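Next up, model04.pdb (PDB, C-alpha atoms):
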```
ATOM      1  CA  MET A  38    -177.986 -71.656  31.064
ATOM      2  CA  THR A  39    -178.870 -69.932  34.272
ATOM      3  CA  GLY A  40    -177.835 -66.450  35.261
ATOM      4  CA  TRP A  41    -175.466 -67.753  37.892
ATOM      5  CA  LYS A  42    -173.646 -69.963  35.401
ATOM      6  CA  ARG A  43    -173.273 -67.021  32.969
ATOM      7  CA  LEU A  44    -172.002 -64.799  35.763
ATOM      8  CA  PHE A  45    -169.542 -67.521  36.856
ATOM      9  CA  LEU A  46    -168.238 -68.032  33.283
ATOM     10  CA  ALA A  47    -167.936 -64.272  32.754
ATOM     11  CA  ALA A  48    -165.961 -63.932  35.999
ATOM     12  CA  LEU A  49    -163.733 -66.870  35.043
ATOM     13  CA  GLY A  50    -163.136 -65.365  31.580
ATOM     14  CA  SER A  51    -162.328 -61.963  33.114
ATOM     15  CA  ALA A  52    -159.854 -63.567  35.522
ATOM     16  CA  ALA A  53    -158.156 -65.451  32.661
ATOM     17  CA  LEU A  54    -157.976 -62.238  30.601
ATOM     18  CA  PHE A  55    -156.515 -60.330  33.586
ATOM     19  CA  ILE A  56    -153.852 -63.005  34.188
ATOM     20  CA  GLY A  57    -153.017 -63.134  30.478
ATOM     21  CA  LEU A  58    -152.550 -59.372  30.315
ATOM     22  CA  THR A  59    -150.352 -59.214  33.423
ATOM     23  CA  LYS A  60    -147.816 -61.781  32.126
ATOM     24  CA  PRO A  61    -144.982 -60.159  30.157
ATOM     25  CA  ALA A  62    -145.375 -60.517  26.418
ATOM     26  CA  ASN A  63    -141.640 -61.114  25.886
ATOM     27  CA  ARG A  64    -139.848 -63.495  28.205
ATOM     28  CA  THR A  65    -136.110 -63.063  28.653
ATOM     29  CA  ASN A  66    -133.826 -65.989  29.314
ATOM     30  CA  VAL A  67    -131.614 -65.867  32.380
ATOM     31  CA  ASP A  68    -127.969 -65.291  31.462
ATOM     32  CA  GLN A  69    -126.184 -68.656  31.723
ATOM     33  CA  VAL A  70    -123.392 -67.193  33.895
ATOM     34  CA  LEU A  71    -125.937 -65.673  36.291
ATOM     35  CA  LYS A  72    -127.833 -68.967  36.386
ATOM     36  CA  GLU A  73    -124.629 -70.843  37.274
ATOM     37  CA  ILE A  74    -123.867 -68.301  40.005
ATOM     38  CA  THR A  75    -127.284 -68.613  41.605
ATOM     39  CA  ASP A  76    -127.162 -72.415  41.326
ATOM     40  CA  GLN A  77    -123.867 -72.459  43.260
ATOM     41  CA  ARG A  78    -125.363 -70.471  46.159
ATOM     42  CA  PRO A  79    -122.534 -68.020  46.895
ATOM     43  CA  GLU A  80    -122.191 -66.400  50.295
ATOM     44  CA  ALA A  81    -121.384 -62.995  48.802
ATOM     45  CA  PHE A  82    -121.038 -61.211  45.479
ATOM     46  CA  MET A  83    -119.107 -57.951  45.178
ATOM     47  CA  GLN A  84    -118.546 -55.595  42.279
ATOM     48  CA  GLY A  85    -115.747 -53.048  42.092
ATOM     49  CA  VAL A  86    -113.459 -54.835  44.565
ATOM     50  CA  TYR A  87    -110.644 -52.747  46.116
ATOM     51  CA  GLN A  88    -108.762 -54.392  48.970
ATOM     52  CA  ARG A  89    -105.519 -53.365  50.671
ATOM     53  CA  LYS A  90    -103.298 -55.441  52.947
ATOM     54  CA  PHE A  91    -100.739 -53.862  55.286
ATOM     55  CA  ASP A  92     -97.752 -55.455  57.019
ATOM     56  CA  ARG A  93     -97.128 -55.368  60.780
ATOM     57  CA  ASN A  94     -95.380 -51.986  60.478
ATOM     58  CA  GLY A  95     -98.342 -50.408  58.697
ATOM     59  CA  ARG A  96     -96.701 -50.331  55.253
ATOM     60  CA  LEU A  97     -98.841 -51.178  52.243
ATOM     61  CA  GLU A  98     -98.010 -54.707  51.165
ATOM     62  CA  THR A  99    -100.648 -55.702  48.602
ATOM     63  CA  THR A 100    -103.518 -54.100  46.737
ATOM     64  CA  LEU A 101    -106.129 -56.259  44.997
ATOM     65  CA  THR A 102    -108.703 -54.830  42.620
ATOM     66  CA  ALA A 103    -111.203 -56.771  40.526
ATOM     67  CA  THR A 104    -114.328 -56.159  38.476
ATOM     68  CA  SER A 105    -116.160 -58.679  40.667
ATOM     69  CA  LEU A 106    -115.657 -61.301  43.359
ATOM     70  CA  LEU A 107    -117.934 -64.258  44.016
ATOM     71  CA  ASP A 108    -117.314 -65.659  47.511
ATOM     72  CA  PHE A 109    -118.211 -69.204  48.565
ATOM     73  CA  GLY A 110    -116.759 -68.948  52.084
ATOM     74  CA  SER A 111    -114.983 -72.068  53.301
ATOM     75  CA  ARG A 112    -116.797 -74.309  50.749
ATOM     76  CA  ALA A 113    -114.811 -73.380  47.639
ATOM     77  CA  ASN A 114    -112.435 -70.888  46.062
ATOM     78  CA  ALA A 115    -113.714 -67.348  45.559
ATOM     79  CA  THR A 116    -113.732 -66.378  41.881
ATOM     80  CA  LEU A 117    -112.424 -63.078  40.551
ATOM     81  CA  ILE A 118    -113.098 -61.354  37.248
ATOM     82  CA  ASN A 119    -110.290 -59.135  35.893
ATOM     83  CA  PRO A 120    -108.115 -59.246  39.025
ATOM     84  CA  LYS A 121    -105.193 -56.830  39.345
ATOM     85  CA  LEU A 122    -102.572 -57.039  42.063
ATOM     86  CA  ARG A 123     -99.949 -54.560  43.193
ATOM     87  CA  VAL A 124     -97.419 -56.415  45.338
ATOM     88  CA  GLU A 125     -94.806 -54.287  47.089
ATOM     89  CA  ARG A 126     -91.675 -56.201  48.065
ATOM     90  CA  HIS A 127     -88.836 -53.791  48.716
ATOM     91  CA  PRO A 128     -87.006 -52.806  46.569
ATOM     92  CA  ALA A 129     -89.335 -53.980  43.777
ATOM     93  CA  ILE A 130     -93.014 -53.528  42.966
ATOM     94  CA  TRP A 131     -94.992 -56.142  41.031
ATOM     95  CA  PHE A 132     -98.066 -55.352  38.913
ATOM     96  CA  ILE A 133     -99.972 -58.540  38.072
ATOM     97  CA  LYS A 134    -103.228 -58.886  36.130
ATOM     98  CA  SER A 135    -105.314 -61.523  34.373
ATOM     99  CA  GLU A 136    -108.827 -62.113  33.059
ATOM    100  CA  ARG A 137    -109.767 -64.672  35.737
ATOM    101  CA  GLY A 138    -108.633 -65.497  39.226
ATOM    102  CA  GLU A 139    -109.398 -67.464  42.352
ATOM    103  CA  LEU A 140    -108.702 -66.987  46.050
ATOM    104  CA  THR A 141    -108.448 -70.103  48.190
ATOM    105  CA  PRO A 142    -110.933 -70.241  51.095
ATOM    106  CA  ASP A 143    -108.154 -69.363  53.571
ATOM    107  CA  ARG A 144    -107.188 -66.415  51.300
ATOM    108  CA  ASN A 145    -103.507 -67.435  51.333
ATOM    109  CA  GLU A 146    -103.195 -68.366  47.669
ATOM    110  CA  VAL A 147    -104.109 -66.439  44.543
ATOM    111  CA  LEU A 148    -104.546 -68.436  41.340
ATOM    112  CA  LEU A 149    -104.595 -66.383  38.149
ATOM    113  CA  SER A 150    -105.506 -67.655  34.706
ATOM    114  CA  LYS A 151    -106.150 -66.520  31.157
ATOM    115  CA  ASN A 152    -103.728 -63.941  29.771
ATOM    116  CA  VAL A 153    -101.657 -63.423  32.909
ATOM    117  CA  ILE A 154     -99.226 -60.508  32.782
ATOM    118  CA  ALA A 155     -96.810 -59.606  35.573
ATOM    119  CA  ASP A 156     -94.388 -56.681  35.564
ATOM    120  CA  ARG A 157     -91.612 -56.212  38.131
ATOM    121  CA  LEU A 158     -90.228 -52.714  38.482
ATOM    122  CA  GLU A 159     -87.162 -51.699  40.454
ATOM    123  CA  LYS A 160     -85.458 -48.339  40.248
ATOM    124  CA  GLY A 161     -82.175 -48.507  38.349
ATOM    125  CA  LYS A 162     -82.676 -52.088  37.088
ATOM    126  CA  TYR A 163     -84.220 -53.705  34.044
ATOM    127  CA  SER A 164     -87.908 -54.361  34.482
ATOM    128  CA  TRP A 165     -89.227 -57.898  34.206
ATOM    129  CA  HIS A 166     -92.214 -58.659  32.021
ATOM    130  CA  LEU A 167     -93.795 -62.051  32.630
ATOM    131  CA  SER A 168     -96.656 -63.500  30.584
ATOM    132  CA  GLY A 169     -98.413 -66.852  30.519
ATOM    133  CA  GLU A 170    -101.711 -68.647  30.974
ATOM    134  CA  THR A 171    -101.546 -69.411  34.698
ATOM    135  CA  LEU A 172     -99.819 -68.074  37.787
ATOM    136  CA  LYS A 173    -100.077 -69.120  41.428
ATOM    137  CA  TRP A 174     -98.976 -66.863  44.289
ATOM    138  CA  ASN A 175     -98.641 -68.399  47.746
ATOM    139  CA  GLN A 176     -98.907 -65.397  50.074
ATOM    140  CA  ARG A 177     -97.572 -67.320  53.098
ATOM    141  CA  THR A 178     -94.233 -68.053  51.407
ATOM    142  CA  ASP A 179     -94.245 -65.309  48.724
ATOM    143  CA  ILE A 180     -93.518 -67.933  46.071
ATOM    144  CA  VAL A 181     -94.965 -67.334  42.606
ATOM    145  CA  SER A 182     -95.132 -70.334  40.296
ATOM    146  CA  ALA A 183     -96.373 -71.196  36.831
ATOM    147  CA  ARG A 184     -96.795 -74.702  35.442
ATOM    148  CA  THR A 185     -97.630 -73.654  31.878
ATOM    149  CA  ARG A 186     -95.625 -72.061  29.072
ATOM    150  CA  THR A 187     -94.328 -68.779  30.453
ATOM    151  CA  THR A 188     -92.301 -65.964  28.914
ATOM    152  CA  LEU A 189     -89.951 -63.776  30.956
ATOM    153  CA  ILE A 190     -88.429 -60.678  29.397
ATOM    154  CA  GLN A 191     -85.608 -58.879  31.216
ATOM    155  CA  GLY A 192     -84.201 -56.025  29.185
ATOM    156  CA  ALA A 193     -82.709 -57.653  26.062
ATOM    157  CA  ILE A 194     -83.096 -61.202  27.403
ATOM    158  CA  ASN A 195     -86.180 -63.208  26.441
ATOM    159  CA  SER A 196     -86.680 -66.615  28.144
ATOM    160  CA  ILE A 197     -89.478 -69.105  27.534
ATOM    161  CA  GLY A 198     -90.044 -72.127  29.745
ATOM    162  CA  ASN A 199     -92.655 -74.661  30.732
ATOM    163  CA  GLU A 200     -92.315 -74.039  34.483
ATOM    164  CA  LEU A 201     -91.301 -70.999  36.527
ATOM    165  CA  VAL A 202     -90.784 -70.386  40.250
ATOM    166  CA  ILE A 203     -90.059 -66.890  41.631
ATOM    167  CA  ASP A 204     -89.243 -66.071  45.261
ATOM    168  CA  LEU A 205     -90.553 -62.530  45.819
ATOM    169  CA  ASN A 206     -88.394 -62.167  48.959
ATOM    170  CA  THR A 207     -85.077 -62.746  47.178
ATOM    171  CA  ASN A 208     -86.154 -62.001  43.571
ATOM    172  CA  GLU A 209     -84.539 -65.264  42.495
ATOM    173  CA  TYR A 210     -86.203 -67.397  39.876
ATOM    174  CA  THR A 211     -85.801 -70.806  38.292
ATOM    175  CA  PHE A 212     -87.205 -72.145  35.054
ATOM    176  CA  GLY A 213     -88.077 -75.772  34.349
ATOM    177  CA  ASP A 214     -86.051 -78.122  32.178
ATOM    178  CA  ASN A 215     -87.280 -76.944  28.763
ATOM    179  CA  VAL A 216     -85.995 -73.364  28.602
ATOM    180  CA  ARG A 217     -85.228 -71.312  25.530
ATOM    181  CA  THR A 218     -83.379 -68.012  26.009
ATOM    182  CA  GLN A 219     -82.657 -65.364  23.394
ATOM    183  CA  TRP A 220     -80.854 -62.081  23.776
ATOM    184  CA  LYS A 221     -80.085 -59.267  21.429
ATOM    185  CA  SER A 222     -76.440 -59.465  20.508
ATOM    186  CA  ALA A 223     -74.377 -56.339  20.134
ATOM    187  CA  SER A 224     -72.847 -55.681  16.744
ATOM    188  CA  SER A 225     -69.051 -55.683  16.411
ATOM    189  CA  SER A 226     -69.038 -51.892  16.160
ATOM    190  CA  ASP A 227     -70.707 -51.428  19.580
TER     191      ASP A 227
END
```

Could you show the structure in this file as structure tokens?
Amino acid sequence: MTGWKRLFLAALGSAALFIGLTKPANRTNVDQVLKEITDQRPEAFMQGVYQRKFDRNGRLETTLTATSLLDFGSRANATLINPKLRVERHPAIWFIKSERGELTPDRNEVLLSKNVIADRLEKGKYSWHLSGETLKWNQRTDIVSARTRTTLIQGAINSIGNELVIDLNTNEYTFGDNVRTQWKSASSSD
């Protein structure tokens, strides 16, 4: 073997050793959620979301907070993790939260899912406590609806139904056909 061949093999061996040493010894797998996010090609990703919306008179109307928001622009719904809403509709204030949520591309509808809880507070009246698996809020009409089993607690009254529609402007609500209502009865001595 000639000197040039030995020099060439030594250089090739050194290059292979250098490349082998520069590769990480332990490879980490990409988190499946992160892989799905990057495969979907979002337009924006935000952490620590805090958004306020004011009415024409400058009064605070809605506050949205979330752990994160993944925005797909006009292509698809934006996804929210741990969304929380504060909706002010005089004379009541709604506090709504869930584990997951979506905003339609036009940002006029909020779809909440997985352990949805909504509380309505109004001074001098019984609070409402609403819980279910899904909730849809159409911001153009201020109609909140649920098409899954939903529980509504108002003071001593506990109602469970398979469909619920609430008008935030009038605070009127309707349940679907299968409704079960319980209330605490007063004893005869009360």

**OP:** Run the PyMOL selection byres ((chain A and resi 121-129) around 7) mentally over the shown coordinates, then write out the matched residues as a PyMOL selection string, using the chain letters and numbers from the document.
**Re:** chain A and resi 98-103+119-120+130-135+157-159+205-206

**OP:** Between CA of Leu149 in chain A and CA of Ser164 in chain A, measure the distance and give it in Å to one decimal.
**Re:**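 Between CA of Leu149 in chain A and CA of Ser164 in chain A the gap works out to 20.9 Å.
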
**OP:** Please evaluate the PyMOL selection byres ((chain A and resi 179) around 10) against the structure above and give the resulting residues as an MDAnalysis selection string.
**Re:** chainID A and resid 126 145:146 174:178 180:182 203:207

Subject >> Gap from CA of Glu136 in chain A to CA of Trp220 in chain A - Å, one decimal >> reply: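 Taking CA of Glu136 in chain A and CA of Trp220 in chain A, their separation equals 29.5 Å.
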
**OP:** May I ask for the distance between CA of Arg184 in chain A and CA of Ser196 in chain A, given in Å to one decimal place?
**Re:** 14.9 Å

Subject >> Picked residues, the PyMOL selection byres ((chain A and resi 110) around 10), expected as a PyMOL selection string >> reply: chain A and resi 79-81+107-109+111-115+141-144

Deliver the residues from the most recent selection as a file, using C-alpha atoms, as a CSV table (one decimal), in the frame of the given file.
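Contents of result.csv, freshly written:
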```
chain,number,residue,atom,x,y,z
A,79,PRO,CA,-122.5,-68.0,46.9
A,80,GLU,CA,-122.2,-66.4,50.3
A,81,ALA,CA,-121.4,-63.0,48.8
A,107,LEU,CA,-117.9,-64.3,44.0
A,108,ASP,CA,-117.3,-65.7,47.5
A,109,PHE,CA,-118.2,-69.2,48.6
A,111,SER,CA,-115.0,-72.1,53.3
A,112,ARG,CA,-116.8,-74.3,50.7
A,113,ALA,CA,-114.8,-73.4,47.6
A,114,ASN,CA,-112.4,-70.9,46.1
A,115,ALA,CA,-113.7,-67.3,45.6
A,141,THR,CA,-108.4,-70.1,48.2
A,142,PRO,CA,-110.9,-70.2,51.1
A,143,ASP,CA,-108.2,-69.4,53.6
A,144,ARG,CA,-107.2,-66.4,51.3
```

**OP:** Measuring atom to atom with all atoms listed in the file, identify which of A:Leu49, A:Ile194, A:Arg89, A:Thr185 is nearest to Tyr163 in chain A.
**Re:**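 Answer, going by the shortest atom-to-atom distance: A:Ile194.
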
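Using all atoms listed in the file, the nearest neighbour of His166 in chain A within the list A:Asp92, A:Val147, A:Asn195, A:Glu139 is A:Asn195.
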
**OP:** Quick one: everything within 9 Å of Trp165 in chain A, counting only C-alpha atoms, minus sequence neighbours fewer than 2 positions away in the same chain. Send it as a list in words.
**Re:** Ala155, Asp156, Arg157, Leu158, Tyr163, Leu167, Leu189, Ile190, Gln191 and Gly192 of chain A

Can you write just those residues out, C-alpha atoms, as an mmCIF file, in the coordinates of the input?
```cif
data_model
loop_
_atom_site.group_PDB
_atom_site.id
_atom_site.type_symbol
_atom_site.label_atom_id
_atom_site.label_comp_id
_atom_site.auth_asym_id
_atom_site.auth_seq_id
_atom_site.Cartn_x
_atom_site.Cartn_y
_atom_site.Cartn_z
ATOM 1 C CA ALA A 155 -96.810 -59.606 35.573
ATOM 2 C CA ASP A 156 -94.388 -56.681 35.564
ATOM 3 C CA ARG A 157 -91.612 -56.212 38.131
ATOM 4 C CA LEU A 158 -90.228 -52.714 38.482
ATOM 5 C CA TYR A 163 -84.220 -53.705 34.044
ATOM 6 C CA LEU A 167 -93.795 -62.051 32.630
ATOM 7 C CA LEU A 189 -89.951 -63.776 30.956
ATOM 8 C CA ILE A 190 -88.429 -60.678 29.397
ATOM 9 C CA GLN A 191 -85.608 -58.879 31.216
ATOM 10 C CA GLY A 192 -84.201 -56.025 29.185
#
```
